[in-house]
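Next comes query-v3.cif, with mmCIF, C-alpha atoms.
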```
data_work
#
loop_
_atom_site.label_atom_id
_atom_site.label_comp_id
_atom_site.auth_asym_id
_atom_site.auth_seq_id
_atom_site.Cartn_x
_atom_site.Cartn_y
_atom_site.Cartn_z
CA MET A 1 0.00 0.00 0.00
CA TYR A 2 1.32 3.44 -0.89
CA PRO A 3 1.91 5.87 2.01
CA LYS A 4 -0.57 8.32 0.51
CA ARG A 5 -3.36 5.74 0.48
CA PHE A 6 -2.47 4.62 4.05
CA ILE A 7 -2.77 8.21 5.31
CA GLN A 8 -6.08 8.66 3.49
CA LEU A 9 -7.52 5.50 5.03
CA PHE A 10 -6.29 6.46 8.51
CA ILE A 11 -7.92 9.91 8.29
CA ILE A 12 -11.19 8.39 7.08
CA PHE A 13 -11.12 5.79 9.86
CA PHE A 14 -10.32 8.45 12.48
CA VAL A 15 -13.18 10.70 11.37
CA THR A 16 -15.56 7.72 11.18
CA ILE A 17 -14.91 6.76 14.81
CA PHE A 18 -15.55 10.27 16.11
CA ILE A 19 -18.73 10.77 14.07
CA SER A 20 -20.06 7.37 15.22
CA LEU A 21 -19.36 8.21 18.88
CA ALA A 22 -20.95 11.64 18.46
CA ILE A 23 -24.14 10.06 17.08
CA VAL A 24 -24.22 7.56 19.98
CA ASP A 25 -23.89 10.43 22.47
CA LEU A 26 -26.47 12.54 20.62
CA PHE A 27 -29.15 9.88 21.00
CA HIS A 28 -28.04 9.03 24.56
CA VAL A 29 -27.52 5.37 23.81
CA ARG A 30 -26.24 3.72 26.99
CA GLU A 31 -26.70 -0.01 26.35
CA PHE A 32 -23.41 -1.58 25.32
CA TRP A 33 -24.83 -3.80 22.60
CA LEU A 34 -26.88 -0.95 21.10
CA GLN A 35 -23.79 1.22 21.08
CA GLY A 36 -21.90 -1.53 19.23
CA ILE A 37 -24.63 -1.98 16.62
CA LEU A 38 -25.07 1.76 16.08
CA VAL A 39 -21.33 2.44 15.83
CA THR A 40 -20.93 -0.46 13.39
CA ILE A 41 -23.78 0.63 11.10
CA VAL A 42 -22.95 4.34 11.16
CA GLY A 43 -19.23 3.68 10.87
CA TYR A 44 -19.73 1.37 7.89
CA ILE A 45 -21.93 3.89 6.07
CA ILE A 46 -19.52 6.75 6.71
CA LEU A 47 -16.48 4.64 5.80
CA ILE A 48 -17.84 3.11 2.58
CA ILE A 49 -18.73 6.42 0.91
CA PRO A 50 -15.20 7.93 0.80
CA LEU A 51 -13.67 4.54 -0.04
CA THR A 52 -16.02 4.21 -3.01
CA ALA A 53 -15.20 7.77 -4.09
CA LEU A 54 -11.46 7.08 -3.88
CA THR A 55 -11.85 3.92 -5.97
CA ILE A 56 -13.83 5.75 -8.66
CA LEU A 57 -11.27 8.56 -8.79
CA LYS A 58 -8.47 6.03 -9.07
CA GLN A 59 -10.17 4.27 -12.00
CA ARG A 60 -10.83 7.56 -13.79
CA LYS A 61 -7.22 8.59 -13.34
CA LYS A 62 -6.06 5.21 -14.64
CA PHE A 63 -8.01 5.46 -17.88
CA SER A 64 -7.66 9.21 -18.46
CA GLY A 65 -3.91 8.97 -17.93
CA GLN A 66 -3.49 6.39 -20.66
CA THR A 67 -1.21 7.85 -23.33
CA ASP A 68 -0.82 7.03 -27.00
CA ASN A 69 2.38 5.19 -26.13
CA ASP A 70 0.46 3.04 -23.65
CA ARG A 71 -2.05 2.18 -26.34
CA ASP A 72 0.70 1.35 -28.80
CA ASP A 73 2.27 -0.92 -26.19
CA ILE A 74 -1.05 -2.70 -25.68
CA PHE A 75 -1.41 -3.16 -29.42
CA ASN A 76 2.07 -4.54 -29.99
CA LYS A 77 2.11 -6.67 -26.85
CA THR A 78 -1.19 -8.26 -27.80
CA LEU A 79 -0.06 -8.82 -31.37
CA SER A 80 3.18 -10.46 -30.23
CA LYS A 81 1.20 -13.15 -28.37
CA LEU A 82 -0.86 -14.11 -31.40
CA GLU A 83 -0.24 -16.34 -34.37
CA ASN A 84 0.30 -14.47 -37.63
CA VAL A 85 -3.05 -15.51 -39.07
CA PHE A 86 -6.37 -13.73 -39.19
CA VAL A 87 -9.77 -14.01 -40.78
CA LEU A 88 -10.00 -11.48 -43.59
CA ALA A 89 -13.44 -10.36 -44.78
CA THR A 90 -14.02 -8.53 -48.04
CA LYS A 91 -17.12 -7.34 -49.88
CA ALA A 92 -17.97 -7.49 -53.56
CA SER A 93 -19.71 -4.68 -55.44
CA ASP A 94 -23.03 -6.53 -55.12
CA GLY A 95 -22.64 -6.66 -51.35
CA LYS A 96 -21.68 -10.33 -51.16
CA LEU A 97 -19.26 -11.01 -48.31
CA THR A 98 -16.27 -13.32 -48.45
CA ALA A 99 -14.20 -14.42 -45.44
CA SER A 100 -11.08 -16.56 -45.39
CA ILE A 101 -8.15 -17.41 -43.16
CA VAL A 102 -4.88 -15.88 -44.32
CA THR A 103 -1.32 -15.59 -43.10
CA PHE A 104 -0.08 -12.05 -42.62
CA LYS A 105 3.14 -10.17 -42.02
CA GLN A 106 3.30 -6.93 -40.09
CA SER A 107 5.19 -4.04 -41.65
CA THR A 108 8.48 -3.21 -39.98
CA VAL A 109 7.89 0.48 -40.74
CA ASN A 110 4.25 1.06 -39.84
CA GLU A 111 2.80 -1.05 -37.04
CA ASN A 112 -0.77 -0.74 -38.32
CA VAL A 113 0.08 -2.03 -41.81
CA PHE A 114 -0.10 -5.72 -42.71
CA TYR A 115 0.65 -7.66 -45.85
CA ILE A 116 -0.76 -10.85 -47.27
CA VAL A 117 0.15 -12.69 -50.47
CA THR A 118 -2.65 -14.26 -52.48
CA SER A 119 -3.53 -15.46 -55.95
CA SER A 120 -4.12 -12.73 -58.50
CA ASN A 121 -7.46 -14.28 -59.49
CA SER A 122 -8.80 -14.87 -55.96
CA GLU A 123 -12.16 -13.50 -54.91
CA ARG A 124 -10.63 -11.39 -52.15
CA THR A 125 -8.29 -9.77 -54.69
CA ALA A 126 -11.19 -8.85 -56.94
CA ASN A 127 -13.23 -7.49 -54.04
CA ILE A 128 -10.41 -5.30 -52.75
CA ALA A 129 -9.64 -4.04 -56.24
CA GLN A 130 -13.29 -2.97 -56.52
CA ASN A 131 -13.83 -1.17 -53.24
CA GLY A 132 -10.54 -1.01 -51.31
CA VAL A 133 -11.96 -1.95 -47.91
CA ALA A 134 -11.79 -4.98 -45.64
CA ALA A 135 -12.31 -6.20 -42.09
CA LEU A 136 -10.21 -8.59 -40.04
CA THR A 137 -9.96 -10.43 -36.77
CA THR A 138 -7.02 -12.36 -35.37
CA TRP A 139 -6.87 -15.66 -33.54
CA TYR A 140 -6.96 -15.36 -29.76
CA ASP A 141 -4.43 -16.08 -27.05
CA LYS A 142 -5.46 -19.29 -25.27
CA GLN A 143 -4.53 -18.03 -21.81
CA THR A 144 -6.05 -14.55 -21.81
CA GLY A 145 -8.37 -14.60 -24.82
CA ALA A 146 -6.61 -11.49 -26.15
CA ARG A 147 -7.37 -10.76 -29.78
CA LEU A 148 -7.47 -7.90 -32.28
CA SER A 149 -10.23 -6.98 -34.68
CA SER A 150 -10.93 -4.12 -37.03
CA LYS A 151 -13.71 -3.18 -39.40
CA ASN A 152 -11.94 0.01 -40.38
CA VAL A 153 -9.33 -1.30 -42.78
CA SER A 154 -8.28 0.24 -46.08
CA ALA A 155 -6.91 -2.29 -48.57
CA ALA A 156 -4.89 -2.04 -51.76
CA VAL A 157 -3.75 -4.59 -54.33
CA VAL A 158 -0.11 -4.50 -55.39
CA ALA A 159 0.28 -6.39 -58.65
CA ASP A 160 2.51 -6.98 -61.69
CA ASP A 161 5.73 -4.95 -61.73
CA GLN A 162 4.85 -3.28 -58.43
CA VAL A 163 5.31 -6.60 -56.61
CA ALA A 164 9.08 -6.61 -57.13
CA THR A 165 9.30 -3.00 -55.98
CA MET A 166 7.24 -3.75 -52.89
CA LEU A 167 9.40 -6.74 -52.01
CA GLN A 168 12.50 -4.62 -52.29
CA GLU A 169 11.08 -1.89 -50.09
CA HIS A 170 9.58 -4.31 -47.60
CA PRO A 171 11.67 -7.51 -47.52
CA GLU A 172 9.68 -8.80 -44.53
CA ILE A 173 6.98 -9.83 -47.03
CA LYS A 174 9.30 -12.51 -48.42
CA ALA A 175 8.59 -14.54 -45.28
CA LEU A 176 5.13 -15.21 -46.73
CA GLY A 177 6.40 -17.23 -49.67
CA GLU A 178 9.12 -17.97 -52.19
CA ASP A 179 7.30 -17.84 -55.53
CA PHE A 180 5.44 -14.59 -56.14
CA SER A 181 4.58 -15.25 -59.77
CA ASN A 182 0.83 -15.09 -60.47
CA HIS A 183 0.40 -13.64 -57.02
CA VAL A 184 -0.37 -10.20 -55.68
CA ILE A 185 0.41 -8.46 -52.43
CA ILE A 186 -2.48 -7.01 -50.51
CA GLN A 187 -1.62 -4.17 -48.20
CA LEU A 188 -3.98 -3.72 -45.28
CA THR A 189 -3.91 -0.50 -43.27
CA CYS A 190 -5.88 -0.46 -40.03
CA GLN A 191 -7.23 2.95 -39.13
CA SER A 192 -8.30 1.59 -35.76
CA VAL A 193 -8.43 -1.73 -33.92
CA LEU A 194 -10.35 -3.14 -30.99
CA ILE A 195 -8.38 -5.14 -28.42
CA GLU A 196 -10.43 -7.57 -26.33
CA SER A 197 -9.74 -10.36 -23.86
CA PHE A 198 -11.38 -12.58 -21.27
CA ARG A 199 -10.10 -10.57 -18.30
CA ASP A 200 -9.62 -6.94 -19.37
CA GLN A 201 -11.89 -4.19 -20.61
CA PRO A 202 -11.90 -3.64 -24.40
CA VAL A 203 -9.46 -1.03 -25.64
CA ALA A 204 -9.90 0.88 -28.90
CA VAL A 205 -6.68 2.02 -30.56
CA SER A 206 -6.62 4.57 -33.38
CA PHE A 207 -3.70 5.22 -35.70
#
```
Serialized structure, structure tokens:
Amino acid sequence: MYPKRFIQLFIIFFVTIFISLAIVDLFHVREFWLQGILVTIVGYIILIIPLTALTILKQRKKFSGQTDNDRDDIFNKTLSKLENVFVLATKASDGKLTASIVTFKQSTVNENVFYIVTSSNSERTANIAQNGVAALTTWYDKQTGARLSSKNVSAAVVADDQVATMLQEHPEIKALGEDFSNHVIIQLTCQSVLIESFRDQPVAVSF
């Protein structure tokens, strides 16, 4: 316990005792057992109010004091615990949805950018080429249930001669395969993500 909190609790306890005794004296309670009951009830009521207020203030301070760096740490720490696969959802021009499991690679330059390699004639490639949007959700950590999801993802198809240029600029993509012929690179940029788990409150991170 921090010294500041110890002092706060001592002051609250001290005031509670005196107020309880003052109420007992005010009503001229002389029976020992009535004094005990009255002091207990009054003391509990007086004690619980400031303790509740201190807890609420502490929680508000905890969340309001969260910086962008803290959020970035949460994002990267959560991502580091997860397998590099997610479910990618895309939408065709007629509104038809397609979802599939893909392997991704995070950019070494921008933490909110991910790459996948897929066939040039795949349905997801056609959908992204049409509307440039997607949604994704990762697997979850078995211990904590931590996972990432985003429905605010801009997507772009890198094809043909641009593939070689992209591989040169971002060599981390090469970990996704050896043969890039007849394949395209899809770049996914998350504008925001939602971090959830079994034990913690959801956290929204914007980039």
I'd like to see the residues matched by the PyMOL selection byres ((chain A and resi 110) around 12) on this file, and ideally I'd get them as a ChimeraX atom specification. /A:72,76,105-109,111-115,170,187-191,207
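Close contacts of A:Leu82, defined as residues with an atom at most 7 Å away when counting only C-alpha atoms, with chain neighbours fewer than 2 positions off set aside, comprise A:Thr78, A:Leu79, A:Ser80, A:Asn84, A:Trp139, A:Tyr140, A:Asp141.
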Selection result of the PyMOL selection byres ((chain A and resi 157-169) around 9) on this file, as a PyMOL selection string: chain A and resi 120+125-126+128-129+132+155-156+170-174+180-187
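Comparing A:Ile12, A:Thr138, A:Ser122, A:Ser150 by their smallest distance to A:Ile101, the closest is A:Thr138 (using all atoms listed in the file).
One distance worth recording is that between atom CA of A:Phe75 and atom CA of A:Ser100, which is 23.0 Å.
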- Neighbourhood query: residues within 10 Å of (-20.1, 1.4, 22.0), file coordinates, counting all atoms listed in the file; return as a PyMOL selection string. chain A and resi 20-21+24-25+29-40
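Of note, atom CA of A:Ala175 and atom CA of A:Thr98 are spaced 25.1 Å apart.
Residues of protein, DNA and RNA with at least one atom no farther than 12 Å from (-4.2, -18.4, -22.0) are, using all atoms listed in the file, Lys81, Leu82, Tyr140, Asp141, Lys142, Gln143, Thr144, Gly145, Ala146, Arg147, Ser197, Phe198 and Arg199 of chain A.
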Keeping only C-alpha atoms, take the residues you just selected and write them out as a PDB file, in the coordinates of the input.
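Result went into part.pdb, see below:
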```
ATOM      1  CA  LYS A  81       1.200 -13.150 -28.370  1.00  0.00           C
ATOM      2  CA  LEU A  82      -0.860 -14.110 -31.400  1.00  0.00           C
ATOM      3  CA  TYR A 140      -6.960 -15.360 -29.760  1.00  0.00           C
ATOM      4  CA  ASP A 141      -4.430 -16.080 -27.050  1.00  0.00           C
ATOM      5  CA  LYS A 142      -5.460 -19.290 -25.270  1.00  0.00           C
ATOM      6  CA  GLN A 143      -4.530 -18.030 -21.810  1.00  0.00           C
ATOM      7  CA  THR A 144      -6.050 -14.550 -21.810  1.00  0.00           C
ATOM      8  CA  GLY A 145      -8.370 -14.600 -24.820  1.00  0.00           C
ATOM      9  CA  ALA A 146      -6.610 -11.490 -26.150  1.00  0.00           C
ATOM     10  CA  ARG A 147      -7.370 -10.760 -29.780  1.00  0.00           C
ATOM     11  CA  SER A 197      -9.740 -10.360 -23.860  1.00  0.00           C
ATOM     12  CA  PHE A 198     -11.380 -12.580 -21.270  1.00  0.00           C
ATOM     13  CA  ARG A 199     -10.100 -10.570 -18.300  1.00  0.00           C
TER      14      ARG A 199
END
```
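A straight line drawn from atom CA of A:Val42 to atom CA of A:Thr16 is 8.1 Å long.
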_With all atoms listed in the file as the counted atoms, please give the residues lying no more than 8 Å from A:Lys91, apart from itself and same-chain residues fewer than 4 positions off, as a ChimeraX atom specification._
/A:95-98,124,127-128,131,133-134
Put those residues in a file: C-alpha atoms, as an mmCIF file, in the coordinates of the input.
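Generated file (out_25.cif):
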```
data_model
loop_
_atom_site.group_PDB
_atom_site.id
_atom_site.type_symbol
_atom_site.label_atom_id
_atom_site.label_comp_id
_atom_site.auth_asym_id
_atom_site.auth_seq_id
_atom_site.Cartn_x
_atom_site.Cartn_y
_atom_site.Cartn_z
ATOM 1 C CA GLY A 95 -22.640 -6.660 -51.350
ATOM 2 C CA LYS A 96 -21.680 -10.330 -51.160
ATOM 3 C CA LEU A 97 -19.260 -11.010 -48.310
ATOM 4 C CA THR A 98 -16.270 -13.320 -48.450
ATOM 5 C CA ARG A 124 -10.630 -11.390 -52.150
ATOM 6 C CA ASN A 127 -13.230 -7.490 -54.040
ATOM 7 C CA ILE A 128 -10.410 -5.300 -52.750
ATOM 8 C CA ASN A 131 -13.830 -1.170 -53.240
ATOM 9 C CA VAL A 133 -11.960 -1.950 -47.910
ATOM 10 C CA ALA A 134 -11.790 -4.980 -45.640
#
```
Practice prompt. Find the residues around A:Val193 up to 6 Å (all atoms listed in the file counted), leave out those fewer than 6 positions away in its own chain, and share them as an NGL selection string.
Written response: :A and (149-150 or 204-205)
Generate a file of the selected residues that holds C-alpha atoms, formatted as a PDB file, keeping the file's coordinate frame.
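Here's the written file out_13.pdb:
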```pdb
ATOM      1  CA  SER A 149     -10.230  -6.980 -34.680  1.00  0.00           C
ATOM      2  CA  SER A 150     -10.930  -4.120 -37.030  1.00  0.00           C
ATOM      3  CA  ALA A 204      -9.900   0.880 -28.900  1.00  0.00           C
ATOM      4  CA  VAL A 205      -6.680   2.020 -30.560  1.00  0.00           C
TER       5      VAL A 205
END
```
